[in-house]
Amino acid sequence: MARHEGKCSNCGKTHYSPRQSDIVVCDCWEHCPMCGAEMTPYAPDLALNTYGFDDRRDLAVLMVCALHFPMFFSTRKPVEVVCT
């Protein structure tokens, strides 16, 4: 059986799939770049519409690592890897 591989552009990890052109989501965005621990999803203490600047109401923080002081807030998003 053929094995197709793809490399994550963010962390360099190689992912394998039995099908060509299959899309795999790398899990590197869920780990803290400072200590390597698994981060937890960030839940803000205020409503999302209170955040923003110049009429923009988006919140870029997705994950948080509470093992640091101050806490590390990550804006990294999932990376799709195409296996060729």
# chains A, B, ... in the order shown; residues from 1 in each chain; ligands from 1

$ select_by_dssp --residues "chain A" --states "strand (DSSP E or B)" --output "PyMOL selection string"
chain A and resi 4-7+14-17+23-26+31+38+40-41+53+56+63-65+72-74+79-82

$ select_by_dssp --residues "region 3-84 of chain A" --states "helix (DSSP H, G or I)" --output "count of residues only"
6

$ atom_distance --atom1 "CA of Thr40 (chain A)" --atom2 "CA of Met71 (chain A)"
11.4 Å

$ closest_residue --among "A:Cys11, A:Ile23, A:Ala66, A:Val61" --to "Ala37 (chain A)" --atoms "only C-alpha atoms"
A:Ala66

$ atom_distance --atom1 "CA of Lys7 (chain A)" --atom2 "CA of Gln20 (chain A)"
13.5 Å

$ residues_around --residues "Val81 (chain A)" --least-positions-apart "2" --cutoff "9 Å" --atoms "only C-alpha atoms" --output "list of chain:residue names"
A:Glu5, A:Gly6, A:Lys7, A:Cys8, A:Ser9, A:Thr14, A:His15, A:Asp22, A:Ile23, A:Val24, A:Val25, A:Cys26, A:Val79, A:Cys83

$ write_last_selection --atoms "N, CA and C atoms" --output "PDB file, in the first residue's frame"
ATOM      1  N   GLU A   5       2.960  11.473   1.948  1.00  0.00           N
ATOM      2  CA  GLU A   5       3.378  12.283   3.087  1.00  0.00           C
ATOM      3  C   GLU A   5       3.290  13.758   2.767  1.00  0.00           C
ATOM      4  N   GLY A   6       3.197  14.535   3.834  1.00  0.00           N
ATOM      5  CA  GLY A   6       3.192  15.989   3.734  1.00  0.00           C
ATOM      6  C   GLY A   6       3.880  16.570   4.957  1.00  0.00           C
ATOM      7  N   LYS A   7       4.520  17.702   4.773  1.00  0.00           N
ATOM      8  CA  LYS A   7       5.275  18.325   5.856  1.00  0.00           C
ATOM      9  C   LYS A   7       4.584  19.614   6.289  1.00  0.00           C
ATOM     10  N   CYS A   8       4.451  19.796   7.594  1.00  0.00           N
ATOM     11  CA  CYS A   8       3.834  20.995   8.157  1.00  0.00           C
ATOM     12  C   CYS A   8       4.755  22.192   7.921  1.00  0.00           C
ATOM     13  N   SER A   9       4.190  23.271   7.426  1.00  0.00           N
ATOM     14  CA  SER A   9       4.999  24.457   7.150  1.00  0.00           C
ATOM     15  C   SER A   9       5.356  25.218   8.426  1.00  0.00           C
ATOM     16  N   THR A  14       6.306  15.648   9.800  1.00  0.00           N
ATOM     17  CA  THR A  14       5.844  14.930   8.617  1.00  0.00           C
ATOM     18  C   THR A  14       4.619  14.100   8.973  1.00  0.00           C
ATOM     19  N   HIS A  15       3.565  14.234   8.165  1.00  0.00           N
ATOM     20  CA  HIS A  15       2.324  13.482   8.364  1.00  0.00           C
ATOM     21  C   HIS A  15       2.150  12.529   7.190  1.00  0.00           C
ATOM     22  N   ASP A  22      -4.781  14.026   0.372  1.00  0.00           N
ATOM     23  CA  ASP A  22      -5.536  14.034   1.620  1.00  0.00           C
ATOM     24  C   ASP A  22      -5.040  15.190   2.483  1.00  0.00           C
ATOM     25  N   ILE A  23      -5.940  15.853   3.193  1.00  0.00           N
ATOM     26  CA  ILE A  23      -5.568  16.989   4.039  1.00  0.00           C
ATOM     27  C   ILE A  23      -5.568  16.546   5.492  1.00  0.00           C
ATOM     28  N   VAL A  24      -4.451  16.792   6.169  1.00  0.00           N
ATOM     29  CA  VAL A  24      -4.276  16.447   7.574  1.00  0.00           C
ATOM     30  C   VAL A  24      -4.070  17.754   8.339  1.00  0.00           C
ATOM     31  N   VAL A  25      -4.693  17.890   9.498  1.00  0.00           N
ATOM     32  CA  VAL A  25      -4.506  19.076  10.326  1.00  0.00           C
ATOM     33  C   VAL A  25      -3.430  18.770  11.361  1.00  0.00           C
ATOM     34  N   CYS A  26      -2.347  19.552  11.337  1.00  0.00           N
ATOM     35  CA  CYS A  26      -1.248  19.359  12.269  1.00  0.00           C
ATOM     36  C   CYS A  26      -1.656  19.865  13.649  1.00  0.00           C
ATOM     37  N   VAL A  79      -2.896  24.329  11.078  1.00  0.00           N
ATOM     38  CA  VAL A  79      -2.202  24.291   9.797  1.00  0.00           C
ATOM     39  C   VAL A  79      -2.655  23.044   9.043  1.00  0.00           C
ATOM     40  N   CYS A  83      -1.066  15.946   1.744  1.00  0.00           N
ATOM     41  CA  CYS A  83      -0.187  14.799   1.493  1.00  0.00           C
ATOM     42  C   CYS A  83      -0.081  14.545  -0.004  1.00  0.00           C
TER      43      CYS A  83
END

$ atom_distance --atom1 "CA of Cys28 (chain A)" --atom2 "CA of Lys13 (chain A)"
8.5 Å

$ closest_residue --among "A:Gly36, A:Pro78, A:Pro18, A:Pro41" --to "Val64 (chain A)" --atoms "only C-alpha atoms"
A:Pro41

$ closest_residue --among "A:Trp29, A:Cys65, A:Ala2, A:Gly12" --to "Lys77 (chain A)" --atoms "only C-alpha atoms"
A:Trp29
